[in-house]
Structures are given as C-alpha cells and as structure tokens.
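Chemist: Can you keep this structure in mind? I'll have questions shortly.
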Amino acid sequence: MGLLVVENLSVGYEKMEIVSGVNFTVEKEEIFVIVGPNGSGKSTLLKGLFGLVRIFGGRVILGGRDITHLPPYKRSLLGLSYLPQLGNTFESLTVWENLVLAAHDLPRDEFTGRLENVLEILPDIKRFMNRKVHTLSGGERQMLALAMGLLRNPFLLMMDEPTAALSPKLASRVFQQVLELRKNHGLSILLVEQNALKALEIGDKALLLVSGQPKFYGPAQDLLKSEELARLYLGV
Ligand SMILES: Nc1ncnc2c1ncn2[C@@H]1O[C@H](COP(=O)(O)OP(=O)(O)OP(=O)(O)O)[C@@H](O)[C@H]1O
C-alpha cells in the first residue's frame, strides 16, 4: 500500500470537470512529479488532493485512510502539507508573524521545538525574521512558504511550482532542497513543475497531464527518454 493512493480521481470547479480519471501512487520518501502544458490541470489536481476543489469521482487514500471528502485542515493534521503557487504568505505581516500563523492550531508547547527544526533546515530565514513579507525577494518568500509548510511536520509535502518566478540559480537551490528534505527528513514530495526537465531529473515517478487527461504515468526517467512525449508536451 502506497503512502498516497489516487484512484480514478476526477476533479474540477462547479459544473466543469477539469481533470479526469487519474491514477497514481506515491511511496514513502519518493519524489513524484506532475508535469504538463499550461492549463492542463496540474494545479487543479493538487488542489483536489488537498480538498480545495470539487471531486467528481474517485478516491484519495492517505496512509490507508480514505480522505477524499475530508476538509483541508483535517488533511493537514494527518500529515499532508500543501504549498500553493500564489498567495501562500501574508504580505503585510512579518516573517515571524507568518510562521506563528502557520502553526496557529498546533499545540503551543510544540511551536518552539518545531521552529528550531525548521530553522536548522532553512537557516537563512533568521536573517529576515522581522521583515514584512512584501519586502522579501521571490526566493525568500518561497523559502518562507516552505518553512510554513514544514512547521506542520508533514510526511507528504505538495508543492505547486515552487520555482516559478525564480532565477535559474535559485530554482536549482529549490530542487536541491527537495532532495535534502527527502534524504535528511524522510519526506515524500509531490511536485508540480513548469520546469519539467529539471523536475524529472530529480523525480522518481512522474505523471504527465494533457488537457486534464493522464498521458503518462511511470518512472520519471522513462518520460524523459520518451522523445515523442517529451518533445510534444514538455518542450524538451
Ligand atoms: N477557479 C476556477 N474556476 C474555473 N476554472 C478554473 C479555475 N481555476 C482554473 N481553472 C481552469 O482549469 C484549467 C486547468 O487549470 P490549472 O491551473 O489546473 O492548470 P495548470 O496545469 O496548473 O496550468 P499552469 O501550468 O498554467 O499553472 C484551466 O483551463 C483553467 O482556466
């Protein structure tokens, strides 16, 4: 049994089904990559896994438990963490205030210890702890969003295009961090990426979505090697 099992899942908005009939499994300590052209439904699928959009059919099983219809906060308490592409921080508040908010529903006495762990993983945050978020660079904001996700001690971290709007150098750092989170902290990571080539290089398994339909599911290396799919859909 995988850590996250997605069975014949279809998701969308109101009357519109956007993603249809998706099946995949994410194992412990696996990096799972979702790629596909613009508008193919990658973000919608991720939102579906976190309970933020309408489920049209299928099931989502986390650690053996059916979470298909659980609200997001309950999924979060079960160890699933979701970093959205936009609006993942509170701009007019300081970094410290954002971290406190991210942990608002956790036991108070756990906050200090968890924050220490997170600052060990992302020490750079200490440098801008008292700054307002709107004064941070794109890379610093992304780091804060990651810290907010990690504070919740997830075992499965879902990231929606964490390298969007970052320079190639900072994007490489994010990919490096993803590898370290797996290696040093045993996390599983589900990564939606525009930067398909780089993401597939660090990924174990991959799903290719095209117009809401799964076109490929299997080892990430196989997708990279498939000249036809890579050329047609990933611009490789
Ligand atoms: N709130 C919404 N209501 C209705 N349709 C939406 C909503 N959000 C997204 N869509 C539509 O769903 C489709 C899939 O969008 P989605 O953002 O999931 O794609 P994506 O693969 O993540 O795209 P990108 O790579 O450009 O971020 C698009 O046609 C989009 O216009």
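The chains in the structure tokens are called A, B, ... from first to last as shown; in each chain the residues are counted from 1, and the ligands are counted from 1 in the order shown.
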Tell me, as a PDB file with N, CA and C atoms, in the first residue's frame, which residues lie within 7 Å of Gly21 of chain A, counting only C-alpha atoms; anything in the same chain fewer than 6 positions away does not count.

Modeler:
```
ATOM      1  N   ASN A   8      -8.640   6.691  -9.790  1.00  0.00           N
ATOM      2  CA  ASN A   8      -9.640   7.136 -10.762  1.00  0.00           C
ATOM      3  C   ASN A   8     -10.231   8.505 -10.406  1.00  0.00           C
ATOM      4  N   LEU A   9      -9.366   9.415  -9.988  1.00  0.00           N
ATOM      5  CA  LEU A   9      -9.826  10.700  -9.457  1.00  0.00           C
ATOM      6  C   LEU A   9     -10.182  11.688 -10.581  1.00  0.00           C
ATOM      7  N   SER A  10     -11.334  12.320 -10.414  1.00  0.00           N
ATOM      8  CA  SER A  10     -11.744  13.393 -11.331  1.00  0.00           C
ATOM      9  C   SER A  10     -12.100  14.611 -10.492  1.00  0.00           C
TER      10      SER A  10
END
```

Chemist: Using only C-alpha atoms and all ligand atoms, what are the residues with an atom within 12 Å of ligand 1, set out as a PyMOL selection string?

Modeler: chain A and resi 11-20+34-48+52-54+84-86+159-164+191-196+207-214+233-234

Chemist: Export, as an mmCIF file, in the first residue's frame, the selected residues with C-alpha atoms.

Modeler:
```cif
data_model
loop_
_atom_site.group_PDB
_atom_site.id
_atom_site.type_symbol
_atom_site.label_atom_id
_atom_site.label_comp_id
_atom_site.auth_asym_id
_atom_site.auth_seq_id
_atom_site.Cartn_x
_atom_site.Cartn_y
_atom_site.Cartn_z
ATOM 1 C CA VAL A 11 -11.778 16.986 -10.072
ATOM 2 C CA GLY A 12 -12.850 20.426 -11.224
ATOM 3 C CA TYR A 13 -14.905 23.516 -10.481
ATOM 4 C CA GLU A 14 -18.684 23.711 -10.083
ATOM 5 C CA LYS A 15 -20.049 22.078 -13.255
ATOM 6 C CA MET A 16 -16.719 21.816 -15.024
ATOM 7 C CA GLU A 17 -14.671 18.640 -14.722
ATOM 8 C CA ILE A 18 -11.073 19.651 -15.431
ATOM 9 C CA VAL A 19 -9.019 16.547 -14.581
ATOM 10 C CA SER A 20 -10.392 13.082 -15.318
ATOM 11 C CA ILE A 34 3.377 16.190 -12.129
ATOM 12 C CA VAL A 35 4.134 17.872 -15.447
ATOM 13 C CA GLY A 36 2.153 19.022 -18.449
ATOM 14 C CA PRO A 37 1.440 22.039 -20.643
ATOM 15 C CA ASN A 38 -0.125 25.263 -19.321
ATOM 16 C CA GLY A 39 -3.728 24.823 -18.309
ATOM 17 C CA SER A 40 -3.562 21.018 -18.341
ATOM 18 C CA GLY A 41 -4.946 20.803 -14.808
ATOM 19 C CA LYS A 42 -1.840 20.242 -12.672
ATOM 20 C CA SER A 43 -2.753 22.858 -10.043
ATOM 21 C CA THR A 44 -6.377 21.737 -10.047
ATOM 22 C CA LEU A 45 -5.299 18.159 -9.357
ATOM 23 C CA LEU A 46 -3.109 19.267 -6.460
ATOM 24 C CA LYS A 47 -5.972 21.330 -5.038
ATOM 25 C CA GLY A 48 -8.186 18.261 -5.361
ATOM 26 C CA LEU A 52 -9.925 22.626 -2.191
ATOM 27 C CA VAL A 53 -11.929 21.858 -5.333
ATOM 28 C CA ARG A 54 -14.890 19.732 -6.284
ATOM 29 C CA PRO A 84 0.078 26.814 -3.231
ATOM 30 C CA GLN A 85 1.607 28.643 -6.158
ATOM 31 C CA LEU A 86 0.321 32.062 -5.160
ATOM 32 C CA MET A 159 4.436 21.951 -3.844
ATOM 33 C CA ASP A 160 2.820 23.850 -6.699
ATOM 34 C CA GLU A 161 5.510 25.281 -8.975
ATOM 35 C CA PRO A 162 7.945 26.289 -6.239
ATOM 36 C CA THR A 163 10.456 27.531 -8.819
ATOM 37 C CA ALA A 164 8.051 29.826 -10.687
ATOM 38 C CA LEU A 191 5.942 18.429 -7.081
ATOM 39 C CA VAL A 192 4.032 20.277 -9.797
ATOM 40 C CA GLU A 193 6.549 21.910 -12.131
ATOM 41 C CA GLN A 194 6.744 24.025 -15.266
ATOM 42 C CA ASN A 195 10.454 23.393 -15.258
ATOM 43 C CA ALA A 196 9.812 19.838 -16.472
ATOM 44 C CA LEU A 207 2.542 11.883 -14.198
ATOM 45 C CA LEU A 208 2.049 13.764 -17.456
ATOM 46 C CA LEU A 209 -1.297 15.550 -17.729
ATOM 47 C CA VAL A 210 -2.533 16.830 -21.075
ATOM 48 C CA SER A 211 -5.890 18.617 -21.229
ATOM 49 C CA GLY A 212 -6.844 17.059 -17.917
ATOM 50 C CA GLN A 213 -6.090 13.507 -19.052
ATOM 51 C CA PRO A 214 -3.214 11.334 -17.857
ATOM 52 C CA TYR A 233 4.328 18.170 -24.370
ATOM 53 C CA LEU A 234 7.336 19.269 -22.391
#
```

Chemist: Give me, please, the distance in Å between atom CA of Thr112 of chain A and atom CA of Leu151 of chain A, quoted to one decimal.

Modeler: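 It comes out at 10.0 Å.
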
Chemist: Please list as a PyMOL selection string every residue within 7 Å of segment 80-83 of chain A, counting only C-alpha atoms and excluding residues in the same chain fewer than 5 positions away.

Modeler: chain A and resi 50+75+88+145+149+154-160

Chemist: With a distance cut-off of 8 Å and only C-alpha atoms, select the neighbouring residues of His134 of chain A, excluding the residue or stretch itself and same-chain residues fewer than 2 positions from it, and output the selection as a list in words.

Modeler: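 My reading of the contact set: Glu91, Ser92, Lys132 and Leu136 of chain A.
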
Chemist: Could you take the residues named above and write them with C-alpha atoms, as a PDB file, in the first residue's frame?

Modeler:
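Output below, filename selection.pdb:
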```pdb
ATOM      1  CA  GLU A  91       2.205  40.074   2.696  1.00  0.00           C
ATOM      2  CA  SER A  92       1.600  42.799   5.244  1.00  0.00           C
ATOM      3  CA  LYS A 132       7.451  42.328   6.337  1.00  0.00           C
ATOM      4  CA  LEU A 136      11.186  39.977   0.528  1.00  0.00           C
TER       5      LEU A 136
END
```

Chemist: Among segment 40-205 of chain A, which residues does DSSP mark as strand (DSSP E) when it is run on the backbone? Keep the chain and numbering as in the structure and answer as a list in words.

Modeler: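 Output for segment 40-205 of chain A, strand (DSSP E) only: Arg54, Ile55, Phe56, Gly57, Gly58, Arg59, Val60, Ile61, Leu62, Arg65, Asp66, Leu80, Ser81, Tyr82, Leu83, Leu156, Leu157, Met158, Met159, Asp160, Ser188, Ile189, Leu190, Leu191, Val192 and Lys205 of chain A.
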
Chemist: Can you write out the residues you just picked, keeping N, CA and C atoms, as a CSV table (one decimal), in the first residue's frame?

Modeler:
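Done, and the output landed in part17.csv:
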```csv
chain,number,residue,atom,x,y,z
A,54,ARG,N,-13.8,20.7,-6.3
A,54,ARG,CA,-14.9,19.7,-6.3
A,54,ARG,C,-14.4,18.4,-6.8
A,55,ILE,N,-14.8,17.3,-6.1
A,55,ILE,CA,-14.4,16.0,-6.5
A,55,ILE,C,-15.6,15.4,-7.3
A,56,PHE,N,-15.3,15.0,-8.6
A,56,PHE,CA,-16.3,14.5,-9.4
A,56,PHE,C,-16.4,13.0,-9.3
A,57,GLY,N,-15.3,12.3,-8.9
A,57,GLY,CA,-15.3,10.9,-8.8
A,57,GLY,C,-14.0,10.4,-8.3
A,58,GLY,N,-13.9,9.1,-7.8
A,58,GLY,CA,-12.7,8.5,-7.5
A,58,GLY,C,-12.4,8.7,-6.0
A,59,ARG,N,-11.2,8.3,-5.6
A,59,ARG,CA,-10.8,8.3,-4.2
A,59,ARG,C,-9.4,8.7,-4.0
A,60,VAL,N,-9.1,9.3,-2.8
A,60,VAL,CA,-7.8,9.7,-2.4
A,60,VAL,C,-7.5,9.0,-1.0
A,61,ILE,N,-6.5,8.1,-1.0
A,61,ILE,CA,-6.2,7.4,0.3
A,61,ILE,C,-4.9,7.8,0.8
A,62,LEU,N,-4.8,8.3,2.0
A,62,LEU,CA,-3.6,8.7,2.6
A,62,LEU,C,-3.3,7.8,3.8
A,65,ARG,N,-6.0,5.6,4.8
A,65,ARG,CA,-7.3,6.2,5.2
A,65,ARG,C,-7.9,7.0,4.0
A,66,ASP,N,-9.2,6.8,3.8
A,66,ASP,CA,-9.9,7.5,2.7
A,66,ASP,C,-10.1,8.9,3.1
A,80,LEU,N,-0.4,15.9,5.6
A,80,LEU,CA,-0.3,16.4,4.3
A,80,LEU,C,-0.1,17.9,4.3
A,81,SER,N,0.9,18.4,3.6
A,81,SER,CA,1.1,19.8,3.5
A,81,SER,C,1.0,20.3,2.1
A,82,TYR,N,0.4,21.4,1.9
A,82,TYR,CA,0.2,22.0,0.5
A,82,TYR,C,0.7,23.4,0.4
A,83,LEU,N,1.6,23.6,-0.5
A,83,LEU,CA,2.2,24.9,-0.7
A,83,LEU,C,1.6,25.4,-2.0
A,156,LEU,N,4.1,14.2,3.8
A,156,LEU,CA,4.0,14.4,2.4
A,156,LEU,C,3.8,15.8,2.1
A,157,LEU,N,4.7,16.4,1.3
A,157,LEU,CA,4.7,17.8,1.0
A,157,LEU,C,4.3,18.0,-0.4
A,158,MET,N,3.2,18.8,-0.7
A,158,MET,CA,2.8,19.0,-2.1
A,158,MET,C,3.2,20.4,-2.4
A,159,MET,N,4.0,20.6,-3.5
A,159,MET,CA,4.4,22.0,-3.8
A,159,MET,C,4.0,22.3,-5.2
A,160,ASP,N,3.3,23.4,-5.4
A,160,ASP,CA,2.8,23.8,-6.7
A,160,ASP,C,3.8,24.9,-7.3
A,188,SER,N,8.1,12.6,1.7
A,188,SER,CA,7.7,12.3,0.3
A,188,SER,C,7.3,13.7,-0.2
A,189,ILE,N,7.6,13.9,-1.5
A,189,ILE,CA,7.3,15.2,-2.1
A,189,ILE,C,6.6,15.0,-3.4
A,190,LEU,N,5.5,15.7,-3.5
A,190,LEU,CA,4.7,15.8,-4.8
A,190,LEU,C,4.9,17.2,-5.3
A,191,LEU,N,5.5,17.2,-6.5
A,191,LEU,CA,5.9,18.4,-7.1
A,191,LEU,C,5.3,18.7,-8.4
A,192,VAL,N,4.6,19.8,-8.5
A,192,VAL,CA,4.0,20.3,-9.8
A,192,VAL,C,5.0,21.3,-10.4
A,205,LYS,N,9.1,9.1,-9.8
A,205,LYS,CA,8.0,8.8,-10.7
A,205,LYS,C,7.4,10.1,-11.2
```

Chemist: Which of segment 160-203 of chain A end up as helix (DSSP H, G or I) when DSSP is run on this backbone - answer as a list in words?

Modeler: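 After running DSSP on the backbone, segment 160-203 of chain A has helix (DSSP H, G or I) at Pro168, Lys169, Leu170, Ala171, Ser172, Arg173, Val174, Phe175, Gln176, Gln177, Val178, Leu179, Glu180, Leu181, Arg182, Lys183, Asn184, His185, Ala196, Leu197, Lys198, Ala199, Leu200, Glu201 and Ile202 of chain A.
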
Chemist: Can you write just those residues out, N, CA and C atoms, as a PDB file, in the first residue's frame?

Modeler:
```pdb
ATOM      1  N   PRO A 168      17.345  30.906 -12.465  1.00  0.00           N
ATOM      2  CA  PRO A 168      17.809  29.518 -12.582  1.00  0.00           C
ATOM      3  C   PRO A 168      18.624  29.073 -11.369  1.00  0.00           C
ATOM      4  N   LYS A 169      19.405  29.994 -10.813  1.00  0.00           N
ATOM      5  CA  LYS A 169      20.254  29.634  -9.672  1.00  0.00           C
ATOM      6  C   LYS A 169      19.391  29.298  -8.448  1.00  0.00           C
ATOM      7  N   LEU A 170      18.402  30.159  -8.179  1.00  0.00           N
ATOM      8  CA  LEU A 170      17.519  29.902  -7.031  1.00  0.00           C
ATOM      9  C   LEU A 170      16.652  28.676  -7.272  1.00  0.00           C
ATOM     10  N   ALA A 171      16.255  28.477  -8.533  1.00  0.00           N
ATOM     11  CA  ALA A 171      15.445  27.293  -8.848  1.00  0.00           C
ATOM     12  C   ALA A 171      16.244  26.025  -8.542  1.00  0.00           C
ATOM     13  N   SER A 172      17.524  26.031  -8.894  1.00  0.00           N
ATOM     14  CA  SER A 172      18.366  24.863  -8.600  1.00  0.00           C
ATOM     15  C   SER A 172      18.426  24.616  -7.105  1.00  0.00           C
ATOM     16  N   ARG A 173      18.449  25.719  -6.341  1.00  0.00           N
ATOM     17  CA  ARG A 173      18.508  25.557  -4.888  1.00  0.00           C
ATOM     18  C   ARG A 173      17.237  24.901  -4.351  1.00  0.00           C
ATOM     19  N   VAL A 174      16.099  25.281  -4.931  1.00  0.00           N
ATOM     20  CA  VAL A 174      14.839  24.672  -4.506  1.00  0.00           C
ATOM     21  C   VAL A 174      14.867  23.167  -4.796  1.00  0.00           C
ATOM     22  N   PHE A 175      15.348  22.802  -5.995  1.00  0.00           N
ATOM     23  CA  PHE A 175      15.414  21.367  -6.318  1.00  0.00           C
ATOM     24  C   PHE A 175      16.359  20.643  -5.352  1.00  0.00           C
ATOM     25  N   GLN A 176      17.455  21.317  -5.021  1.00  0.00           N
ATOM     26  CA  GLN A 176      18.405  20.732  -4.061  1.00  0.00           C
ATOM     27  C   GLN A 176      17.731  20.525  -2.705  1.00  0.00           C
ATOM     28  N   GLN A 177      16.949  21.535  -2.288  1.00  0.00           N
ATOM     29  CA  GLN A 177      16.236  21.433  -1.001  1.00  0.00           C
ATOM     30  C   GLN A 177      15.256  20.264  -0.995  1.00  0.00           C
ATOM     31  N   VAL A 178      14.595  20.076  -2.138  1.00  0.00           N
ATOM     32  CA  VAL A 178      13.633  18.965  -2.237  1.00  0.00           C
ATOM     33  C   VAL A 178      14.368  17.640  -2.008  1.00  0.00           C
ATOM     34  N   LEU A 179      15.540  17.502  -2.643  1.00  0.00           N
ATOM     35  CA  LEU A 179      16.315  16.268  -2.471  1.00  0.00           C
ATOM     36  C   LEU A 179      16.753  16.092  -1.016  1.00  0.00           C
ATOM     37  N   GLU A 180      17.146  17.205  -0.390  1.00  0.00           N
ATOM     38  CA  GLU A 180      17.605  17.116   1.008  1.00  0.00           C
ATOM     39  C   GLU A 180      16.468  16.771   1.962  1.00  0.00           C
ATOM     40  N   LEU A 181      15.285  17.329   1.688  1.00  0.00           N
ATOM     41  CA  LEU A 181      14.134  17.034   2.557  1.00  0.00           C
ATOM     42  C   LEU A 181      13.816  15.538   2.538  1.00  0.00           C
ATOM     43  N   ARG A 182      13.971  14.949   1.381  1.00  0.00           N
ATOM     44  CA  ARG A 182      13.738  13.520   1.276  1.00  0.00           C
ATOM     45  C   ARG A 182      14.840  12.755   2.013  1.00  0.00           C
ATOM     46  N   LYS A 183      16.079  13.124   1.729  1.00  0.00           N
ATOM     47  CA  LYS A 183      17.216  12.373   2.266  1.00  0.00           C
ATOM     48  C   LYS A 183      17.345  12.527   3.780  1.00  0.00           C
ATOM     49  N   ASN A 184      17.269  13.770   4.254  1.00  0.00           N
ATOM     50  CA  ASN A 184      17.542  14.014   5.677  1.00  0.00           C
ATOM     51  C   ASN A 184      16.315  13.904   6.561  1.00  0.00           C
ATOM     52  N   HIS A 185      15.135  14.055   6.000  1.00  0.00           N
ATOM     53  CA  HIS A 185      13.934  14.079   6.840  1.00  0.00           C
ATOM     54  C   HIS A 185      12.892  13.051   6.429  1.00  0.00           C
ATOM     55  N   ALA A 196      10.003  21.289 -16.424  1.00  0.00           N
ATOM     56  CA  ALA A 196       9.812  19.838 -16.472  1.00  0.00           C
ATOM     57  C   ALA A 196      11.129  19.059 -16.461  1.00  0.00           C
ATOM     58  N   LEU A 197      12.067  19.536 -17.249  1.00  0.00           N
ATOM     59  CA  LEU A 197      13.313  18.783 -17.402  1.00  0.00           C
ATOM     60  C   LEU A 197      14.004  18.601 -16.054  1.00  0.00           C
ATOM     61  N   LYS A 198      14.187  19.720 -15.341  1.00  0.00           N
ATOM     62  CA  LYS A 198      14.866  19.685 -14.037  1.00  0.00           C
ATOM     63  C   LYS A 198      14.099  18.819 -13.052  1.00  0.00           C
ATOM     64  N   ALA A 199      12.779  18.991 -13.047  1.00  0.00           N
ATOM     65  CA  ALA A 199      11.967  18.255 -12.071  1.00  0.00           C
ATOM     66  C   ALA A 199      12.040  16.756 -12.345  1.00  0.00           C
ATOM     67  N   LEU A 200      12.005  16.383 -13.629  1.00  0.00           N
ATOM     68  CA  LEU A 200      12.049  14.951 -13.954  1.00  0.00           C
ATOM     69  C   LEU A 200      13.408  14.363 -13.613  1.00  0.00           C
ATOM     70  N   GLU A 201      14.436  15.202 -13.673  1.00  0.00           N
ATOM     71  CA  GLU A 201      15.766  14.709 -13.326  1.00  0.00           C
ATOM     72  C   GLU A 201      15.856  14.302 -11.862  1.00  0.00           C
ATOM     73  N   ILE A 202      15.164  15.034 -10.984  1.00  0.00           N
ATOM     74  CA  ILE A 202      15.239  14.669  -9.563  1.00  0.00           C
ATOM     75  C   ILE A 202      14.073  13.757  -9.143  1.00  0.00           C
TER      76      ILE A 202
END
```

Chemist: What's the separation between atom CA of Asp105 of chain A and atom CA of Pro71 of chain A, in Å to one decimal place?

Modeler: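 Result for atom CA of Asp105 of chain A versus atom CA of Pro71 of chain A: 14.8 Å, one decimal.
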
Chemist: In terms of the shortest atom-to-atom distance over only C-alpha atoms, which of A:Ala230, A:Met129, A:Leu187, A:Leu166 is closest to Val26 of chain A?

Modeler: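 Counting only C-alpha atoms, the residue closest to Val26 of chain A is A:Leu187.
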
Chemist: With only C-alpha atoms as the basis for distance, which of A:Pro123, A:Gly87, A:Met148, A:Val33 is at the shortest distance from Leu223 of chain A?

Modeler: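 Counting only C-alpha atoms, the residue closest to Leu223 of chain A is A:Val33.
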
Chemist: Calculate how many Å separate atom CA of Leu93 of chain A from atom CA of Val133 of chain A, rounding to one decimal.

Modeler: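 Computed distance, atom CA of Leu93 of chain A to atom CA of Val133 of chain A, equals 6.1 Å.
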